Each structure stands twice: as C-alpha cells, then as structure tokens.
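> Below: one structure in structure tokens.
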Amino acid sequence: MIEVMACLLTSFLLLYSSVRNYVRQETSSSYQGASPTPFPSSLFSASYQRTDSQSAYSSRDRLIPIACFTRWQPQRGGPIGADTRQARRPRGVAMVENAVAEKDRDEIGTSKEENQFNFGAGKRQEVDPRWKHPKPFQYEEDGMVVTRTSVWSAPGCHEGCGVLVYSDKETGKFIKCEGDPDDPYNRGALCPRCLAFKQVEFHPDRILHPMKRAGERGSGQWERITWDEALETCYKEFRRISMTYGGDSIHCLRGTARDNQWQVGRMANTFGSPNEYGFLSGTACYLPRLSLMIMTYGGMLIADFSQFSALRYDDPEWVCPECTIVWGCNPTISNPDFFMGHWVTDAMKLGCKLISVEPRVTWLAAHADIHLQLRPGTDTGLALGMIKVIIDEDLYDHDFVERWTYGFDELAERARELSLDQVEAMTWVPKEKIIAAARLFATSKPANVVWGLAVDMQSQGTPCAAAIAALWTITGNLDVPGGMCYTASPMGVDQPSAGAWGIYDLINEEMQKKRVGWKEFPMYRYGLTQAMPDMCLEYMEEGKVKGVWIQTSNGIACMSCETERWYQAMKKPEFIAAVDIFMTPTIQSCADIVMPVQTWAEKHSVRAHYYFLSAITGGCAAEGEAKSDCEINRELAQYFDNDDEFNQAIGRPEGKQHTWPWATEDEVYDEIVSPSGFTFHELMEHGPVYQKYVYKKYEKGLMRPDGQPGFNTPTGRIEFYSTLFEKFGYDPLPYIEEPGIGPVTTPDLYEEYPLIMITGARTTSFFHSEHRQIPYLRQLTPDPWVQIHPRTAKDLNISEGDWVWIENHRGRCRQRARLTFEVHEKEIAAQHGWWFPEQDGAEPNLYGFRQSNINQLLANKPGTTGFGADLKCTLCKVYRCKEEEL
Ligand code: SF4
C-alpha cells in the first residue's frame with residue numbers, strides 16, 4: 001500500500017513538474033513590474049525568478065515569471081472603493097481615505113509615519129493599577145545586593161525574562177542570578193543560558209579592553225589601546241569615508257539586536273548613512289510576518305496566553321484558548337519573542353486542544369491532538385487548504401468577515417481553486433487530517449496561532465504569513481480574549497529596537513533614498529527602516545562599501561548564507577570597527593578595532609516591547625573596561641556632533657546636528673520612556689509596567705489615527721486583498737510558490753540530493769552562535785548535531801554519533817549524526833550557528849567557522865517582496881566522513 005501511494009505521489013510530482021516546466025517554457029517573458037502592467041498571478045507558483053546575474057535588483061524587469069500551473073487573475077472591479085467593492089464594504093466602517101490611496105508606488109513610504117515600524121497598534125492606555133512589583137528594585141539579602149532586571153538584550157537573549165542579579169556589596173561583582181518569582185512574565189523560571197550566566201560574566205576569553213589590529217586582518221594579533229584612541233580612530237575613519245565616498249558607503253550591521261537595534265540605526269545616521277541591517281538573506285526572521293501584518297492588519301498580532309495582563313491566568317477577562325495551532329516553531333525550546341513556550345503546555349492542562357504544524361515530531365507535536373507533518377516550505381498550500389475547508393463548510397465568522405474585512409470573496413475564490421488532493425500531494429499531509437484540523441480550529445472559540453520562523457524562512461514568507469493570518473481572521477479570533485491580539489507600544493513608548501529613533505530625523509531626504517533597496521523593494525520602506533541585506537552583500541562585493549560598524553553580530557558564523565561570499569566581501573571595506581563581548585570569527589577575519597561591551601547584567605537599558613515596559617537595570621559592576629553599547633555609541637557620536645564641518649558637508653538637516661544630544665546614558669533612557677510619564681529611575685522602581693489591555697479595539701476607535709472604528713490600513717479593514725501589495729506590483733492575495741530548490745522545482749537536483757534539509761531549530765543551550773565557549777552549556781550540547789531518521793541512516797550506513805558530511809551543490813559541512821524518529825525519513829534537521837572558540841582563531845582556521853557551518857549550503861536569495869528566503873527548505877545528501885577527514 002505504501003509503495004502504491006509513494007508511486008502515485010511520485011507520478012503526481014513528476015506530472016506536476018513536467019506540466020510546470022512545460023508552462024515555464026511557454027510563459028517565460030520579461031516581467032515589467034512597473035504599474036500599470038498587471039502582475040502575473042496564479043494560485044500555484046506566482047513565481048518570479050531572478051536571472052543568474054547577482055546584480056539583478058536594479059531593474060524589476062529582471063524578475064521573470066515562471067510556471068503557472070493554474071492561472072488566476074484578480075477580479076478588478078476598478079479603483080479601490082469603486083462600486084463593485086462597495087457592496088462588500090463592512091457595515092458601519094468608514095474607509096480610511098488616507099494619503100496612501102492617492103499615492104503612486106514610488107511615493108509610498110516617503111513619510112516618517114509610513115516608514116516607522118508600527119509595532120504599536122492602538123492608542124496608549126493607562127497603567128493597569130491592579131499590579132505593581134511588590135519589592136524594591138534593589139535590596140540586600142544575605143549580605144548581597146539584589147537587583148531586579150530583565151534580559152532583553154544583545155548579546156544574550158531576546159526573551160526578556162525577569163531576573164534577580166545578586167552582587168557583592170563591596171565590589172559590585174556578579175555573584176549569581178535567579179529568576180524573579182514576582183515577574184508576571186516568567187514567574188521565576190530561567191533556562192540554562194541564564195542559569196549558566198556566571199560563566200559568561202567571568203569567562204577568561206571576554207574582551208575587556210579596546211584593541212586594535214597589530215598584524216594583517218585575520219592574523220589574530222591585537223594590541224590593547226585606550227578608549228580615547230579607539231573612539232578617535234573610529235571617528236576619523238568613518239568621517240573620512242563619509243566625506244570621501246558618501247555616508248551611504250558605511251554599513252552598520254547587527255545581530256538579533258532587540259534593545260540596541262535603534263542604536264545601530266542611529267549610529268548609521270550619525271555617520272551620515274541610511275544603511276543599517278543584519279546579515280540575513282531576505283531579512284527572513286519575523287520581518288515577512290511583521291511587514292505583512294503592518295500592511296494588512298495595521299499592527300502586529302500575537303497569540304493571547306494572558307501575557308498582556310500582569311495578573312496572568314487569574315485575570316477575569318482572559319479566556320483560555322480552546323484550540324491553538326503551533327505553526328512552524330518549537331516554543332518550549334525556542335521561547336520566541338514575547339512568548340514562553342510553557343504557556344502552551346499550561347493551556348493544554350486547562351483543556352486547550354493543540355494542532356501542530358511541524359515537519360518534525362517535536363515534544364509538542366507528539367502531544368498534539370492533530371499533527372500535520374508537512375513537507376518543509378509548503379505551509380501556504382496547507383493554510384489555503386484549511387481556508388478552503390472552513391469556507392466550503394461554512395464555518396467562518398460571517399459577521400466579522402462582513403463587517404471588518406476587505407477582499408474575502410477574492411480570498412475564497414483563490415482557496416477554492418485548490419483541491420484537497422492537490423494540497424495533500426503538495427504538503428504530504430493526508431487530506432483527512434487537513435479537514436479535521438480546519439474543523440477543530442474553526443469550531444473552537446477562542447482559538448489562536450503560535451507561529452514561528454518556518455513561515456519567514458521560505459522565499460515566499462509574506463504570502464505564507466497572509467494565508468495563515470487569514471485563518472484566525474475568518475474565524476473571528478481577532479483581538480478577543482484568548483485569540484490573536486494586537487501588541488502595542490507600551491505606554492506610548494516608541495519601540496526603540498526597530499529604528500523608530502533615527503532614519504527620518506538625522507539624515508536628509510536625498511540620503512534617505514540611498515538606503516540600499518529603498519527603490520527596488522518598496523516594502524522595505526513601508527513600516528521599516530533597514531537596508532536590504534542581499535543587495536548590501538552585492539554592494540560590498542562590488543567594493544561600494546568602504547566602512548563597516550558591527551555591533552554584536554557574528555555574521556559569518558551565524559546569519560550569512562553562502563558564507564564564503566560574505567567572508568570575502570567583508571575583507572573589502574577600508575575600515576571595520578566591532579563591538580562585542582567575545583572574539584568571534586567575524587571580528588578576527590575583518591575588524592580593525594574591537595571594543596568591549598557590557599553584558600545584560602552590567603548595563604542599563606529599556607525593554608519597550610509588545611505590551612509592557614520595563615527597565616533593564618545593570619545589577620553588577622562591569623568587568624574590565626567594558627562600556628554599555630549605548631554609552632559606546634553616545635560617546636562616539638559626540639565627536640560627530642561637535643564637528644560643524646562634517647555636518648555641513650553631509651547636509652545634516654536643520655536642527656539635527658546633535659544626533660545624540662544627551663549627557664549620559666540615563667538621560668537617553670529618560671527620553672525614551674518619557675511618553676509613559678515615568679523617568680527611567682521611576683521605571684526601575686516600579687518594575688514592569690502593564691497597561692490595561694482593551695480587547696476589540698477596532699470597535700472602539702482605538703486602532704486608527706482618526707479615532708474611527710476599524711483598522712489602520714488603507715481601507716480601514718483587515719485586507720485579505722492587500723491594496724498596498726497591489727500598488728507595489730505584488731500579488732495582493734496569498735499564493736503558493738514552491739521552494740526555489742526542492743523535489744518539485746529542481747527534480748534533477750533532487751535526484752542528486754534526495755534529502756530535504758531543515759536548519760535553525762533552537763536548542764536550550766545556545767542563542768544562535770553565542771555561548772559555544774560556556775562550559776556548562778557546551779556540556780549540554782558538545783557538538784553540532786544533525787538529526788537523521790534511523791531507517792535513512794541505516795541505508796546510508798551511518799551510526800549514532802558518526803561525523804557526517806551534509807552536502808549540496810553550494811557546499812558542505814560536517815556535523816554528528818543523531819538518529820531519531822523525530823525527523824521524516826526524507827528529511828534531516830541540521831543545527832546552525834556553530835563555530836569552535838576553543839580552536840585557533842587566526843586565519844585560515846578562524847575558530848573553525850567553516851567546519852560545521854550549515855549556511856554554506858544556503859543561498860542569499862530573497863523572495864519577491866525582498867522578504868523571506870528558503871533557509872528551512874533546501875536539498876542535500878549526507879554521507880559519513882572518512883577517518884582522515886576528521
Ligand atoms: S536566556 Fe532563557 S531565562 Fe534568560 S531571558 Fe532568555 S529565555 Fe529567559
């Protein structure tokens with residue numbers, strides 16, 4: 001039976017593939033994306049492929065439509081708001097006839113409002129008076145000083161757990177840390193990374209003084225210098241580069257960031273540059289989902305597990321979800337943003353049903369009511385299949401859809417073009433399970449979705465996010481207790497991690513438009529202020545980037561795909577300065593100056609994320625000469641702020657010469673938190689500030705700037721049919737596109753590389769490439785592991801613990817085999833972020849960063865919108881390493 005089904009599936013895939021290839025030949029033509037040419041749109045594979053040239057961004061006519069299995073054209077009923085659509089307008093909701101509707105594509109995103117990252121949907125609410133931290137922020141216990149703080153910091157972790165730091169009364173040195181049992185967020189729980197923190201704080205390899213290179217780049221030779229010399233060198237070099245080549249020739253790079261992302265953007269602006277970003281292809285980490293939500297939902301939504309209230313499960317307004325879908329993530333291990341995984345298990349104990357959408361059999365998948373074990377990269381098809389079931393069986397929320405959404409008929413039409421047999425063949429999920437999951441989700445009230453990076457890490461992450469978001473929307477689970485709820489700028493404090501402070505204030509308009517990708521990828525300028533990484537790599541390879549500022553990012557060991565390209569490119573700039581806690585392959589390979597930064601336990605900062613505001617309050621003395629990242633930035637900026645000639649030369653806007661007009665870092669934080677009515681020190685004393693969460697804000701006029709009911713989108717409604725996507729020349733509806741490399745898209749490669757590779761699953765030991773030098777954590781995960789199904793391993797003569805090569809047409813690396821039924825027989829799951837701090841750090845070894853670096857097998861290839869990249873769905877083969885290769 002299994003053979004018969006496999007045969008049928010293979011036949012379907014081959015047929016599908018040959019039809020697709022045939023159609024590809026028939027339909028290939030240059031895509032003239034500029035308005036008014038209609039975009040080619042189809043349910044299957046509304047796919048655009050870049051030409052071989054790596055410089056394919058400058059003109060959209062290099063995007064070539066390939067393969068249209070079933071062609072779909074949107075019904076065009078005239079301009080937005082025309083009569084044909086009027087009939088479907090929600091009752092009682094006025095259109096937001098805002099400026100966006102009037103603009104053409106290239107004008108959108110030119111205002112500060114459009115360009116600001118709108119995490120903060122909804123109006124500022126008052127402090128919830130029902131809770132205040134019961135203890136002072138600092139007190140003595142057993143002869144130690146205890147300081148309450150939060151870990152939401154780079155380097156470190158982006159979760160933001162409440163932590164108590166114990167320090168020596170005399171010296172201020174760190175002694176230990178514990179979870180804060182009174183913090184509503186983590187309620188005293190800590191994971192191994194915080195529990196092992198003492199080994200970070202006092203690690204002998206910490207960078208404790210500023211240093212400059214004493215040999216060739218990569219020689220591993222460094223010489224201690226003073227802070228004055230370090231900052232003065234940075235000032236002179238970045239000034240020279242900015243004045244000689246233009247500010248945009250300086251790129252400012254960061255890692256996951258969080259509390260310091262605004263600093264990196266602002267530092268770029270101080271240098272006169274608009275270019276701030278991370279190394280990741282397609283910015284494929286949350287941004288595909290975020291940008292989609294900002295453009296079509298007017299804000300960002302997250303599953304409500306009571307975290308909006310300090311009273312948590314005891315809040316009488318909160319309702320436990322009846323069903324949750326954990327989609328493409330493993331939250332009990334990864335603890336994604338503003339979401340602790342064990343909240344899902346708490347809800348399960350309260351009766352919440354669980355649907356797991358996950359290629360692996362994780363702990364949650366094993367305990368789910370329904371596990372949809374899909375083929376990696378086929379999430380959009382699965383979501384559309386579930387939408388189809390819900391609509392066909394009339395399980396959707398008519399009232400909500402009628403009153404508050406736009407483009408439902410078009411969405412329904414698109415979903416109906418699919419047959420569930422097609423979905424099953426595409427996703428490998430039996431259609432009976434798809435039907436059961438759709439029914440369970442649609443008939444549970446409330447229900448929500450905990451989604452993860454599997455959505456972003458496929459080239460069409462944006463339409464995938466649109467399809468999944470439509471599931472919770474058509475079922476009426478929007479902004480209701482236990483459903484999907486809007487996060488907000490806590491207490492009106494601008495989300496300081498996402499460039500809200502910067503870009504539009506400190507550089508002139510001409511320079512703003514030189515942000516890399518500004519013209520080519522309009523979504524990068526709607527709600528976002530960062531540069532487009534894939535294009536930045538090309539600029540660097542072409543020698544256009546002359547100066548680089550790296551703030552706590554180990555790019556070549558972690559985020560960068562086609563690692564060798566980034567490694568070679570980073571050799572080209574004339575000057576590179578880095579700020580970090582430890583030496584890394586990235587710093588060793590290319591930096592000229594390195595400066596020591598404080599850990600989260602040593603520095604002050606602010607956590608202004610999602611729905612609560614809290615202070616990060618340095619609880620112990622800094623080791624060596626380390627300074628906080630904010631202070632390093634502030635002190636360097638003073639040189640530029642006092643340089644009239646520089647500011648004049650770069651055309652600094654009137655009144656903006658003082659890019660960092662604060663005398664101390666506490667003054668910086670006073671200003672950041674000022675909209676809340678607190679000073680930074682009052683915030684420290686208060687503890688996390690929660691606002692009273694207001695559900696169904698869209699009914700109360702709390703979502704839109706004009707105070708009318710509805711949402712802050714161009715139509716004032718949730719847009720299944722995105723008017724902004726349409727303006728930008730993208731398909732306005734969710735659509736399916738196969739991963740760029742895979743069994744369907746590249747059958748020839750599939751023959752040679754018959755395994756689908758997933759990467760990036762988290763461990764509790766490490767945060768991305770961090771922590772490899774921490775003994776306790778390394779003991780938990782001593783080597784890079786690749787998960788292989790035991791039957792697959794047997795066929796390949798691989799045993800548990802063998803070192804194996806993982807290889808594809810782009811490159812190879814080696815990891816140790818872990819045989820487990822957790823992965824599908826046709827898939828493997830490899831770890832990311834590996835390097836070996838115990839090895840030689842000089843060239844050519846560079847801490848062995850190539851040895852197990854899985855990103856060597858992945859491409860820098862963004863999706864159509866510039867967001868998303870196929871990082872969790874590519875092909876490979878696996879074979880044992882020979883003795884002599886180890
Ligand atoms: S390392 Fe673990 S305990 Fe610490 S903030 Fe992150 S998730 Fe919380």
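Numbering starts fresh at 1 for the residues of each chain in the structure tokens, the chains themselves are lettered A, B, ... in the order given, and ligands are numbered from 1 as they appear.
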Stretch 316-376 of chain A: which residues are alpha helix (DSSP H) by DSSP, as a PyMOL selection string?
chain A and resi 331-334+342-349+363-366
> Which residues of chain A have any atom within 8 Å of an atom in ligand 1 when counting only C-alpha atoms and all ligand atoms, and what is the closest pair of atoms for each, with the distance in Å to one decimal? Order the rows by chain and rising number and write it as CSV.

```
residue,atom,partner,partner_atom_place_in_ligand_line,distance
A:Ser150,CA,ligand 1,5 (S),7.2
A:Val151,CA,ligand 1,5 (S),4.6
A:Trp152,CA,ligand 1,5 (S),6.4
A:Gly156,CA,ligand 1,1 (S),6.6
A:Cys157,CA,ligand 1,6 (Fe),4.5
A:His158,CA,ligand 1,6 (Fe),6.2
A:Glu159,CA,ligand 1,6 (Fe),4.8
A:Gly160,CA,ligand 1,5 (S),4.8
A:Cys161,CA,ligand 1,5 (S),4.3
A:Gly162,CA,ligand 1,5 (S),7.4
A:Val163,CA,ligand 1,4 (Fe),7.8
A:Gly179,CA,ligand 1,3 (S),7.4
A:Asn186,CA,ligand 1,8 (Fe),7.4
A:Ala189,CA,ligand 1,3 (S),6.7
A:Leu190,CA,ligand 1,3 (S),3.7
A:Cys191,CA,ligand 1,2 (Fe),4.1
A:Pro192,CA,ligand 1,2 (Fe),6.4
A:Arg193,CA,ligand 1,1 (S),4.6
A:Cys194,CA,ligand 1,4 (Fe),4.3
A:Leu195,CA,ligand 1,3 (S),7.3
A:Ser334,CA,ligand 1,7 (S),7.8
A:Asn335,CA,ligand 1,7 (S),5.9
A:Met340,CA,ligand 1,7 (S),7.6
A:Thr764,CA,ligand 1,2 (Fe),7.7
A:Phe767,CA,ligand 1,1 (S),7.6
```
> Using DSSP on the backbone coordinates, identify all residues within stretch 726-817 of chain A classified as strand (DSSP E or B); present the result as a VMD selection string.
chain A and resid 736 755 to 759 785 to 788 803 to 808 811 to 817
> Quick check, in Å to one decimal: how far apart do atom CA of A:Tyr730 and atom CA of A:Gly517 lie?
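Separating atom CA of A:Tyr730 from atom CA of A:Gly517 is a distance of 16.0 Å.
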> Can you pull out the residues contacting A:Trp343? Cut-off 9 Å, using only C-alpha atoms, and skip same-chain residues under 3 positions away; I want them as a PDB file with C-alpha atoms, in the first residue's frame.

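Writing done, so here's around_24.pdb:
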```
ATOM      1  CA  PHE A 305      -1.943  33.395  26.555  1.00  0.00           C
ATOM      2  CA  SER A 306      -2.718  36.056  29.192  1.00  0.00           C
ATOM      3  CA  THR A 332       9.015  25.138  24.500  1.00  0.00           C
ATOM      4  CA  PHE A 339       6.143  34.102  24.213  1.00  0.00           C
ATOM      5  CA  MET A 340       7.316  31.498  26.687  1.00  0.00           C
ATOM      6  CA  ASP A 346      -0.219  25.436  30.718  1.00  0.00           C
ATOM      7  CA  ALA A 347      -3.126  25.991  28.324  1.00  0.00           C
ATOM      8  CA  MET A 348      -3.152  22.323  27.340  1.00  0.00           C
TER       9      MET A 348
END
```
> Tell me which of A:Thr362, A:Thr324, A:Ser419, A:Gln261 sits closest to A:Ala437, counting only C-alpha atoms.
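Closest to A:Ala437 of all the choices is A:Thr324.
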> Counting only C-alpha atoms, give me one row per residue of stretch 219-308 of chain A with an atom at most 9 Å from an atom of stretch 686-708 of chain A, showing the shortest contact pair and its distance in Å to one decimal, sorted by chain then residue number, as a Markdown table.

```
| residue | atom | partner | partner_atom | distance |
| --- | --- | --- | --- | --- |
| A:Gly298 | CA | A:Met703 | CA | 7.9 |
| A:Gly299 | CA | A:Met703 | CA | 8.6 |
| A:Phe308 | CA | A:Tyr693 | CA | 6.4 |
```
> For the selection you just gave me, I'd like the residues written to a file as a compact mmCIF listing (two decimals), in the first residue's frame, keeping N, CA, C and O atoms.

```txt
# COMPACT_ATOMS: atom_id res chain seq x y z
N GLY A 298 -2.66 46.54 10.05
CA GLY A 298 -2.45 47.80 10.76
C GLY A 298 -1.79 47.62 12.11
O GLY A 298 -1.92 48.47 13.00
N GLY A 299 -1.06 46.55 12.29
CA GLY A 299 -0.36 46.33 13.56
C GLY A 299 0.00 44.87 13.69
O GLY A 299 -0.33 44.05 12.84
N PHE A 308 -0.65 39.67 28.31
CA PHE A 308 -0.90 41.11 28.29
C PHE A 308 -1.27 41.64 29.67
O PHE A 308 -1.28 42.84 29.90
```
> Please list as a ChimeraX atom specification every residue within 9 Å of A:Met532, counting only C-alpha atoms and excluding residues in the same chain fewer than 4 positions away.
/A:275-278,281-283,515-518,521,524,536-537,866-867
> Could the residues in this selection be written to a file with all heavy atoms, as a short mmCIF file (atom, residue, chain, number, x, y, z; two decimals), in the first residue's frame?

```cif
data_model
loop_
_atom_site.label_atom_id
_atom_site.label_comp_id
_atom_site.auth_asym_id
_atom_site.auth_seq_id
_atom_site.Cartn_x
_atom_site.Cartn_y
_atom_site.Cartn_z
N ASN A 275 22.17 53.11 6.07
CA ASN A 275 22.23 51.65 5.90
C ASN A 275 22.52 50.90 7.20
O ASN A 275 23.66 50.80 7.63
CB ASN A 275 23.26 51.29 4.83
CG ASN A 275 22.80 51.73 3.46
OD1 ASN A 275 21.61 51.60 3.13
ND2 ASN A 275 23.69 52.30 2.68
N GLU A 276 21.48 50.37 7.77
CA GLU A 276 21.56 49.54 8.97
C GLU A 276 20.81 48.26 8.68
O GLU A 276 19.72 48.27 8.11
CB GLU A 276 20.91 50.29 10.14
CG GLU A 276 20.74 49.48 11.41
CD GLU A 276 19.41 48.75 11.52
OE1 GLU A 276 18.40 49.23 10.99
OE2 GLU A 276 19.39 47.67 12.13
N TYR A 277 21.38 47.10 9.07
CA TYR A 277 20.71 45.82 8.79
C TYR A 277 21.46 44.68 9.46
O TYR A 277 22.51 44.87 10.06
CB TYR A 277 20.66 45.57 7.26
CG TYR A 277 22.02 45.54 6.57
CD1 TYR A 277 22.63 44.34 6.24
CD2 TYR A 277 22.68 46.72 6.25
CE1 TYR A 277 23.87 44.32 5.60
CE2 TYR A 277 23.93 46.70 5.63
CZ TYR A 277 24.51 45.50 5.31
OH TYR A 277 25.74 45.50 4.71
N GLY A 278 20.88 43.46 9.35
CA GLY A 278 21.57 42.24 9.76
C GLY A 278 22.00 41.49 8.51
O GLY A 278 21.62 41.84 7.41
N SER A 281 19.68 36.82 4.72
CA SER A 281 19.02 36.90 3.41
C SER A 281 17.51 37.08 3.59
O SER A 281 16.86 36.41 4.40
CB SER A 281 19.29 35.62 2.63
OG SER A 281 18.64 35.68 1.38
N GLY A 282 16.97 38.03 2.83
CA GLY A 282 15.52 38.26 2.86
C GLY A 282 15.00 38.70 4.21
O GLY A 282 13.81 38.63 4.46
N THR A 283 15.92 39.17 5.07
CA THR A 283 15.53 39.55 6.44
C THR A 283 14.50 38.54 6.97
O THR A 283 13.45 38.89 7.49
CB THR A 283 14.96 40.98 6.48
OG1 THR A 283 15.75 41.80 5.62
CG2 THR A 283 15.06 41.58 7.86
N ARG A 515 19.18 54.52 0.89
CA ARG A 515 19.15 53.26 1.66
C ARG A 515 19.08 52.11 0.66
O ARG A 515 18.26 52.12 -0.27
CB ARG A 515 17.93 53.26 2.58
CG ARG A 515 17.67 51.91 3.23
CD ARG A 515 17.09 52.05 4.60
NE ARG A 515 15.92 52.87 4.66
CZ ARG A 515 14.66 52.40 4.68
NH1 ARG A 515 14.45 51.10 4.61
NH2 ARG A 515 13.63 53.21 4.79
N VAL A 516 19.93 51.13 0.84
CA VAL A 516 20.02 50.04 -0.13
C VAL A 516 18.69 49.27 -0.16
O VAL A 516 18.22 48.79 0.86
CB VAL A 516 21.19 49.08 0.21
CG1 VAL A 516 21.25 47.93 -0.78
CG2 VAL A 516 22.51 49.84 0.24
N GLY A 517 18.12 49.19 -1.33
CA GLY A 517 16.84 48.50 -1.51
C GLY A 517 15.63 49.42 -1.43
O GLY A 517 14.51 48.99 -1.67
N TRP A 518 15.87 50.68 -1.13
CA TRP A 518 14.75 51.63 -0.94
C TRP A 518 13.86 51.67 -2.18
O TRP A 518 12.64 51.62 -2.08
CB TRP A 518 15.33 53.02 -0.65
CG TRP A 518 14.34 54.01 -0.11
CD1 TRP A 518 14.08 54.29 1.19
CD2 TRP A 518 13.46 54.85 -0.88
NE1 TRP A 518 13.11 55.24 1.30
CE2 TRP A 518 12.70 55.61 0.04
CE3 TRP A 518 13.24 55.04 -2.24
CZ2 TRP A 518 11.76 56.53 -0.36
CZ3 TRP A 518 12.28 55.96 -2.64
CH2 TRP A 518 11.56 56.70 -1.70
N PHE A 521 12.75 47.53 -3.44
CA PHE A 521 11.85 46.74 -2.60
C PHE A 521 11.02 47.66 -1.71
O PHE A 521 11.38 47.94 -0.57
CB PHE A 521 12.66 45.75 -1.75
CG PHE A 521 13.34 44.69 -2.57
CD1 PHE A 521 14.68 44.78 -2.86
CD2 PHE A 521 12.61 43.62 -3.07
CE1 PHE A 521 15.31 43.82 -3.64
CE2 PHE A 521 13.23 42.65 -3.84
CZ PHE A 521 14.58 42.74 -4.13
N TYR A 524 10.36 47.50 2.02
CA TYR A 524 11.41 47.84 2.97
C TYR A 524 11.29 49.29 3.45
O TYR A 524 11.98 49.70 4.36
CB TYR A 524 12.81 47.62 2.36
CG TYR A 524 13.32 46.22 2.60
CD1 TYR A 524 12.77 45.14 1.91
CD2 TYR A 524 14.31 45.96 3.54
CE1 TYR A 524 13.22 43.85 2.13
CE2 TYR A 524 14.76 44.67 3.77
CZ TYR A 524 14.22 43.62 3.07
OH TYR A 524 14.66 42.33 3.31
N CYS A 536 22.89 44.54 -0.10
CA CYS A 536 24.07 45.07 0.60
C CYS A 536 25.27 44.18 0.37
O CYS A 536 26.40 44.66 0.19
CB CYS A 536 23.79 45.17 2.10
SG CYS A 536 22.65 46.50 2.50
N LEU A 537 25.05 42.87 0.36
CA LEU A 537 26.16 41.94 0.08
C LEU A 537 26.76 42.23 -1.29
O LEU A 537 27.99 42.29 -1.45
CB LEU A 537 25.65 40.49 0.16
CG LEU A 537 26.61 39.41 -0.34
CD1 LEU A 537 27.92 39.40 0.45
CD2 LEU A 537 25.96 38.02 -0.27
N GLY A 866 11.25 40.86 -1.36
CA GLY A 866 12.51 41.18 -0.67
C GLY A 866 12.55 40.57 0.71
O GLY A 866 13.57 40.61 1.38
N PHE A 867 11.42 39.99 1.12
CA PHE A 867 11.35 39.34 2.43
C PHE A 867 11.24 37.83 2.24
O PHE A 867 10.55 37.36 1.35
CB PHE A 867 10.14 39.83 3.22
CG PHE A 867 10.30 41.23 3.75
CD1 PHE A 867 9.45 42.23 3.36
CD2 PHE A 867 11.31 41.52 4.64
CE1 PHE A 867 9.59 43.52 3.86
CE2 PHE A 867 11.47 42.80 5.14
CZ PHE A 867 10.61 43.80 4.74
#
```
> Just want the 10 Å neighbourhood of A:Met295, counted on only C-alpha atoms, with same-chain residues fewer than 5 positions away dropped. Output as a ChimeraX atom specification.
/A:114,118,290,300,523,526-527,712-714,718-719,722-725
